[in-house]
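The data block below is data19.csv; it holds CSV, C-alpha atoms.
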```
chain,number,residue,atom,x,y,z
Q,10,MET,CA,0.0,0.0,0.0
Q,11,GLU,CA,1.3,3.5,-0.7
Q,12,ARG,CA,0.2,6.8,0.8
Q,13,LEU,CA,1.2,10.2,-0.3
Q,14,LEU,CA,2.4,12.9,2.1
Q,15,GLY,CA,0.1,15.9,1.7
Q,16,THR,CA,2.0,18.5,3.7
Q,17,PRO,CA,5.7,17.7,4.5
Q,18,GLY,CA,6.7,18.0,8.1
Q,19,SER,CA,9.1,20.8,8.9
Q,20,THR,CA,12.5,20.4,10.6
Q,21,ASP,CA,13.3,21.8,14.0
Q,22,GLY,CA,16.7,23.4,14.2
Q,23,VAL,CA,18.0,21.2,11.4
Q,24,ASP,CA,18.5,22.2,7.7
Q,25,LYS,CA,16.0,20.3,5.7
Q,26,ASP,CA,18.4,19.5,2.9
Q,27,LEU,CA,20.9,18.2,5.5
Q,28,LEU,CA,18.3,16.0,7.1
Q,29,LEU,CA,17.4,14.6,3.7
Q,30,ARG,CA,21.0,13.9,2.8
Q,31,VAL,CA,21.5,12.0,6.0
Q,32,LEU,CA,18.3,10.1,5.4
Q,33,ASP,CA,19.4,9.1,1.9
Q,34,GLY,CA,22.8,8.0,3.2
Q,35,THR,CA,21.2,6.0,6.0
Q,36,VAL,CA,18.8,4.2,3.7
Q,37,ALA,CA,21.6,3.4,1.2
Q,38,ALA,CA,23.9,2.1,4.0
Q,39,LEU,CA,21.3,-0.2,5.5
Q,40,ALA,CA,20.1,-1.4,2.1
Q,41,GLU,CA,23.6,-2.3,1.0
Q,42,ARG,CA,24.0,-4.5,4.2
Q,43,GLY,CA,20.6,-6.1,3.7
Q,44,VAL,CA,19.2,-4.8,7.0
Q,45,THR,CA,15.4,-4.9,7.2
Q,46,PHE,CA,14.1,-1.6,8.6
Q,47,LEU,CA,10.9,0.4,8.8
Q,48,VAL,CA,10.7,4.2,9.3
Q,49,MET,CA,8.8,5.3,12.3
Q,50,GLY,CA,8.9,8.5,14.5
Q,51,GLY,CA,8.1,12.0,13.2
Q,52,ILE,CA,8.6,11.1,9.5
Q,53,ALA,CA,6.0,8.3,9.6
Q,54,SER,CA,3.7,10.4,11.7
Q,55,ALA,CA,3.8,13.2,9.2
Q,56,ILE,CA,3.0,10.8,6.3
Q,57,PHE,CA,0.1,9.1,8.0
Q,58,GLY,CA,-1.3,11.9,10.0
Q,59,ARG,CA,-0.5,15.6,10.4
Q,60,ALA,CA,2.4,17.7,9.3
Q,61,ARG,CA,4.7,18.0,12.3
Q,62,VAL,CA,8.2,19.1,13.2
Q,63,THR,CA,11.0,16.5,13.1
Q,64,SER,CA,14.7,16.9,13.5
Q,65,ASP,CA,15.9,13.2,13.5
Q,66,ILE,CA,15.3,9.9,11.8
Q,67,ASP,CA,13.8,6.9,13.7
Q,68,LEU,CA,14.2,3.4,12.3
Q,69,PHE,CA,12.7,0.2,13.6
Q,70,VAL,CA,14.9,-2.9,13.2
Q,71,ARG,CA,15.0,-6.5,14.3
Q,72,GLN,CA,17.0,-7.0,17.5
Q,73,SER,CA,19.3,-9.4,15.6
Q,74,ASP,CA,20.1,-6.6,13.1
Q,75,SER,CA,20.7,-3.7,15.5
Q,76,ASP,CA,24.5,-4.2,15.7
Q,77,ARG,CA,24.7,-4.7,11.9
Q,78,ALA,CA,22.8,-1.5,11.3
Q,79,LEU,CA,25.0,0.5,13.6
Q,80,ASP,CA,28.1,-0.9,11.9
Q,81,ALA,CA,26.8,-0.1,8.4
Q,82,LEU,CA,26.3,3.5,9.5
Q,83,ALA,CA,29.8,3.7,11.2
Q,84,GLN,CA,31.3,2.6,7.8
Q,85,ARG,CA,29.6,5.6,6.3
Q,86,GLY,CA,31.2,8.0,8.7
Q,87,PHE,CA,28.5,8.2,11.3
Q,88,SER,CA,29.5,8.4,14.9
Q,89,THR,CA,27.7,5.6,16.7
Q,90,GLU,CA,26.8,4.7,20.3
Q,91,VAL,CA,24.8,2.0,22.0
Q,92,ILE,CA,22.5,3.8,24.5
Q,93,TYR,CA,20.5,0.9,25.8
Q,94,GLU,CA,21.6,-2.5,24.6
Q,95,HIS,CA,18.1,-4.0,24.7
Q,96,TRP,CA,16.4,-1.4,22.6
Q,97,LEU,CA,18.2,1.8,21.4
Q,98,SER,CA,21.4,2.8,19.6
Q,99,LYS,CA,22.2,6.2,18.0
Q,100,ALA,CA,24.2,7.3,15.0
Q,101,SER,CA,25.0,10.9,14.2
Q,102,LEU,CA,26.3,12.7,11.1
Q,103,ASP,CA,26.6,16.5,10.7
Q,104,GLY,CA,24.3,17.1,13.7
Q,105,VAL,CA,21.5,14.8,12.5
Q,106,THR,CA,20.7,11.9,14.7
Q,107,VAL,CA,19.5,8.5,13.6
Q,108,ASP,CA,17.8,6.4,16.3
Q,109,ILE,CA,18.1,2.6,15.7
Q,110,ILE,CA,15.2,1.2,17.7
Q,111,SER,CA,14.9,-2.6,18.2
Q,112,ARG,CA,12.2,-2.6,20.9
Q,113,SER,CA,9.3,-0.2,21.5
Q,114,THR,CA,7.4,0.3,24.7
Q,115,PRO,CA,6.6,-2.0,26.4
Q,116,ASP,CA,7.9,-5.0,24.5
Q,117,ILE,CA,7.0,-4.5,20.8
Q,118,LEU,CA,9.4,-6.0,18.3
Q,119,LEU,CA,9.7,-5.8,14.6
Q,120,ASP,CA,8.1,-9.1,13.5
Q,121,ASP,CA,7.3,-10.8,10.2
Q,122,GLU,CA,3.7,-9.6,10.2
Q,123,MET,CA,4.7,-6.0,10.7
Q,124,VAL,CA,7.2,-6.3,7.8
Q,125,ARG,CA,4.5,-7.8,5.6
Q,126,ARG,CA,2.1,-5.0,6.4
Q,127,ALA,CA,4.7,-2.2,5.9
Q,128,VAL,CA,3.4,0.7,3.9
Q,129,THR,CA,5.3,2.6,1.2
Q,130,GLY,CA,5.0,6.3,1.7
Q,131,ARG,CA,6.5,9.4,0.0
Q,132,TYR,CA,8.5,11.9,2.0
Q,133,GLU,CA,10.0,14.9,0.1
Q,134,GLY,CA,10.1,12.8,-3.1
Q,135,ARG,CA,11.5,9.7,-1.4
Q,136,ARG,CA,9.8,6.3,-1.2
Q,137,LEU,CA,10.2,4.9,2.3
Q,138,LEU,CA,8.9,1.7,4.0
Q,139,LEU,CA,7.0,2.7,7.1
Q,140,VAL,CA,5.8,0.9,10.2
Q,141,PRO,CA,2.1,0.1,9.6
Q,142,PRO,CA,-0.1,2.9,10.8
Q,143,GLU,CA,-2.0,0.5,13.2
Q,144,ASP,CA,1.3,-0.5,14.9
Q,145,LEU,CA,2.3,3.2,15.0
Q,146,VAL,CA,-0.9,4.1,16.8
Q,147,VAL,CA,-0.3,1.4,19.4
Q,148,MET,CA,3.3,2.3,19.9
Q,149,LYS,CA,2.6,6.1,20.2
Q,150,ALA,CA,-0.2,5.5,22.7
Q,151,LEU,CA,1.9,3.2,24.9
Q,152,ALA,CA,5.0,5.4,24.8
Q,153,ALA,CA,3.2,8.7,25.5
Q,154,SER,CA,4.1,10.2,28.9
Q,155,GLU,CA,4.4,13.5,30.7
Q,156,ASP,CA,7.7,14.0,28.8
Q,157,THR,CA,6.3,13.0,25.4
Q,158,PRO,CA,2.8,14.3,25.0
Q,159,ARG,CA,3.4,14.7,21.3
Q,160,TYR,CA,3.2,11.0,20.9
Q,161,TRP,CA,-0.4,11.0,22.0
Q,162,TYR,CA,-1.3,13.6,19.5
Q,163,ASP,CA,0.7,11.9,16.8
Q,164,ALA,CA,-1.5,8.9,17.4
Q,165,LEU,CA,-4.7,11.0,17.2
Q,166,GLY,CA,-3.4,12.5,13.9
Q,167,ILE,CA,-3.0,9.0,12.4
Q,168,ILE,CA,-6.5,8.0,13.6
Q,169,GLY,CA,-7.9,11.1,12.0
Q,170,HIS,CA,-6.2,10.7,8.6
Q,171,ALA,CA,-5.2,7.1,7.9
Q,172,ASP,CA,-7.3,4.2,6.6
Q,173,LEU,CA,-6.8,1.7,9.4
Q,174,ASP,CA,-7.3,-2.0,9.7
Q,175,TRP,CA,-9.2,-1.9,13.0
Q,176,ASP,CA,-9.1,-5.7,13.5
Q,177,TYR,CA,-5.3,-5.7,13.2
Q,178,LEU,CA,-5.0,-2.6,15.5
Q,179,ILE,CA,-7.1,-4.2,18.2
Q,180,ARG,CA,-5.2,-7.4,17.9
Q,181,ARG,CA,-1.9,-5.5,18.5
Q,182,ALA,CA,-3.5,-3.5,21.3
Q,183,ARG,CA,-4.8,-6.6,23.1
Q,184,ALA,CA,-1.3,-8.1,23.1
Q,185,ASN,CA,0.6,-5.0,24.2
Q,186,GLY,CA,-1.6,-2.4,26.1
Q,187,PRO,CA,-5.4,-2.6,25.8
Q,188,ARG,CA,-6.1,-0.1,28.6
Q,189,ARG,CA,-4.0,2.7,27.1
Q,190,VAL,CA,-5.2,2.1,23.6
Q,191,LEU,CA,-8.8,2.1,24.8
Q,192,ALA,CA,-8.1,5.5,26.6
Q,193,LEU,CA,-6.8,6.8,23.3
Q,194,LEU,CA,-9.8,5.7,21.3
Q,195,LEU,CA,-12.2,7.2,23.9
Q,196,TYR,CA,-10.2,10.5,23.8
Q,197,ALA,CA,-10.4,10.4,20.0
Q,198,TRP,CA,-14.2,10.1,20.2
Q,199,SER,CA,-14.2,13.1,22.6
Q,200,ASN,CA,-12.4,15.1,19.8
Q,201,ASP,CA,-15.0,14.0,17.3
Q,202,LEU,CA,-12.7,11.7,15.4
Q,203,VAL,CA,-14.3,8.8,13.6
Q,204,VAL,CA,-13.6,5.6,15.5
Q,205,PRO,CA,-15.9,2.5,14.9
Q,206,GLY,CA,-17.8,1.3,17.8
Q,207,ASP,CA,-16.7,-2.4,17.7
Q,208,PRO,CA,-13.0,-1.7,18.5
Q,209,VAL,CA,-14.0,0.4,21.5
Q,210,ARG,CA,-16.5,-2.2,22.7
Q,211,THR,CA,-13.9,-5.0,22.2
Q,212,LEU,CA,-11.3,-3.3,24.3
Q,213,PHE,CA,-13.7,-2.1,26.9
Q,214,ASP,CA,-15.0,-5.6,27.5
Q,215,LEU,CA,-11.5,-6.9,27.7
Q,216,VAL,CA,-10.3,-4.3,30.1
Q,217,THR,CA,-13.4,-4.4,32.4
Q,218,SER,CA,-13.4,-8.2,32.5
Q,219,ASN,CA,-9.9,-8.0,34.1
Q,220,ALA,CA,-10.6,-5.0,36.4
Q,221,PRO,CA,-10.2,-5.4,40.1
Q,222,ASP,CA,-13.2,-5.7,42.4
Q,223,ARG,CA,-14.8,-2.4,43.5
Q,224,GLY,CA,-13.1,-1.0,46.6
Q,225,ARG,CA,-9.7,-2.6,45.9
Q,226,ARG,CA,-6.8,-0.4,45.1
Q,227,HIS,CA,-3.6,-1.1,43.3
Q,228,ASP,CA,-0.7,-1.0,45.8
Q,229,PRO,CA,2.8,-1.1,44.1
Q,230,THR,CA,4.2,-2.6,47.3
Q,231,GLY,CA,2.0,-5.7,46.8
Q,232,ALA,CA,-0.2,-5.1,49.9
Q,233,SER,CA,-4.0,-5.1,49.4
Q,234,SER,CA,-6.2,-2.4,50.7
```
Rendering of file as structure tokens:
Amino acid sequence: MERLLGTPGSTDGVDKDLLLRVLDGTVAALAERGVTFLVMGGIASAIFGRARVTSDIDLFVRQSDSDRALDALAQRGFSTEVIYEHWLSKASLDGVTVDIISRSTPDILLDDEMVRRAVTGRYEGRRLLLVPPEDLVVMKALAASEDTPRYWYDALGIIGHADLDWDYLIRRARANGPRRVLALLLYAWSNDLVVPGDPVRTLFDLVTSNAPDRGRRHDPTGASS
């Protein structure tokens, strides 16, 4: 499937031509090494949803390919660093950062189904393979926090603009974070975005069937109240 970017995202403190040169070099380096990767982050959010500022490049890779991806970029002159061995490495060239992500919150990995469902999108005249929009919605919802409220609104932008496979989205949500995704869909409803009723009911039934009895509170120490 291919989607066209209506309004390109802007860059924040980074020259657009420089960002695109680094993007081109990154794609070429990983392709030469046969590394499977999908674009995520601000670029994918802009293609699927709303135009938004981006200053870096986020790539989703298999855990088994993380070191190989980093080495491919090092061979192209990038400075590289493993930040968290189990999920994040960074490469940098001329002030542009490439995040090599092998695990998304809480435990989402690049699997065969995600690769099969990858979407070809256009960004500034370039054809890029993107994380499926349904997976991106789930990832953004689960990763959103006080420090990253933009992720929540990225997810809403995708819901508002992308043609989603709701059965697939709910399947991913059930496996990774049904409560948070339900909250996102209800919030989308409150903003008058079109969300089918069945996905909301499915997640609501799942979440409430596992809810604690009335009067019981969650205690992180393990004691009951």
Proximity of segment 18-91 of chain Q to segment 135-153 of chain Q: per-residue shortest pair, 12 Å limit, only C-alpha atoms, as a tab-separated table:
```
residue	atom	partner	partner_atom	distance
Q:Leu29	CA	Q:Arg135	CA	9.2
Q:Arg30	CA	Q:Arg135	CA	11.2
Q:Leu32	CA	Q:Arg135	CA	9.6
Q:Asp33	CA	Q:Arg135	CA	8.6
Q:Thr35	CA	Q:Leu137	CA	11.7
Q:Val36	CA	Q:Leu137	CA	8.7
Q:Ala37	CA	Q:Leu137	CA	11.6
Q:Ala40	CA	Q:Leu137	CA	11.7
Q:Thr45	CA	Q:Leu138	CA	9.8
Q:Phe46	CA	Q:Leu138	CA	7.7
Q:Leu47	CA	Q:Leu139	CA	4.8
Q:Val48	CA	Q:Leu139	CA	4.6
Q:Met49	CA	Q:Val140	CA	5.7
Q:Gly50	CA	Q:Leu145	CA	8.5
Q:Gly51	CA	Q:Lys149	CA	10.7
Q:Ile52	CA	Q:Leu139	CA	8.9
Q:Ala53	CA	Q:Leu139	CA	6.2
Q:Ser54	CA	Q:Leu145	CA	8.0
Q:Ala55	CA	Q:Pro142	CA	11.1
Q:Ile56	CA	Q:Leu139	CA	9.1
Q:Phe57	CA	Q:Pro142	CA	6.8
Q:Gly58	CA	Q:Pro142	CA	9.1
Q:Ile66	CA	Q:Leu137	CA	11.9
Q:Asp67	CA	Q:Leu139	CA	10.4
Q:Leu68	CA	Q:Leu139	CA	8.9
Q:Phe69	CA	Q:Val140	CA	7.7
Q:Val70	CA	Q:Val140	CA	10.3
```
Checklist entry - Do you have the atom CA of Arg180 of chain Q-atom CA of Leu202 of chain Q distance handy? => result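 Taking atom CA of Arg180 of chain Q and atom CA of Leu202 of chain Q, their separation equals 20.7 Å.
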Next on the checklist: Need to verify the contact set: Lys99 of chain Q, 8 Å, all atoms listed in the file, exclusion of same-chain residues closer than 5 positions in sequence. Can you return it as a PyMOL selection string?
Outcome noted: chain Q and resi 79+89-92+106-109
Dump C-alpha atoms for the selected residues as a PDB file, keeping the file's coordinate frame?
```
ATOM      1  CA  LEU Q  79      25.000   0.500  13.600  1.00  0.00           C
ATOM      2  CA  THR Q  89      27.700   5.600  16.700  1.00  0.00           C
ATOM      3  CA  GLU Q  90      26.800   4.700  20.300  1.00  0.00           C
ATOM      4  CA  VAL Q  91      24.800   2.000  22.000  1.00  0.00           C
ATOM      5  CA  ILE Q  92      22.500   3.800  24.500  1.00  0.00           C
ATOM      6  CA  THR Q 106      20.700  11.900  14.700  1.00  0.00           C
ATOM      7  CA  VAL Q 107      19.500   8.500  13.600  1.00  0.00           C
ATOM      8  CA  ASP Q 108      17.800   6.400  16.300  1.00  0.00           C
ATOM      9  CA  ILE Q 109      18.100   2.600  15.700  1.00  0.00           C
TER      10      ILE Q 109
END
```
Next on the checklist: Show me, as a list in words, the residues that have an atom within 12 Å of Asp80 of chain Q when counting only C-alpha atoms, minus same-chain residues fewer than 2 positions from it.
Outcome noted: Thr35, Ala38, Leu39, Glu41, Arg42, Val44, Asp74, Ser75, Asp76, Arg77, Ala78, Leu82, Ala83, Gln84, Arg85, Gly86, Phe87, Ser88, Thr89, Glu90, Val91, Ser98, Lys99, Ala100 and Ile109 of chain Q
Item to check | One-decimal distance in Å that lies between atom CA of Gln72 of chain Q and atom CA of Ser111 of chain Q | outcome: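 According to the coordinates, atom CA of Ser111 of chain Q and atom CA of Gln72 of chain Q are separated by 4.9 Å.
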Checklist entry - Which residues come within 8 Å of Gly169 of chain Q, counting all atoms listed in the file, excluding same-chain residues fewer than 2 positions away, as a PyMOL selection string? => result chain Q and resi 58+165-167+171+202-203
Checklist entry - How far is it from atom CA of Val128 of chain Q to atom CA of Leu173 of chain Q, in Å with one decimal? => result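 So the two atoms, atom CA of Val128 of chain Q and atom CA of Leu173 of chain Q, lie 11.6 Å apart.
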Checklist entry - Taking only C-alpha atoms into account, which of Q:Ile110, Q:Leu118, Q:Ala192, Q:Ala164 comes nearest Phe213 of chain Q? => result Q:Ala192
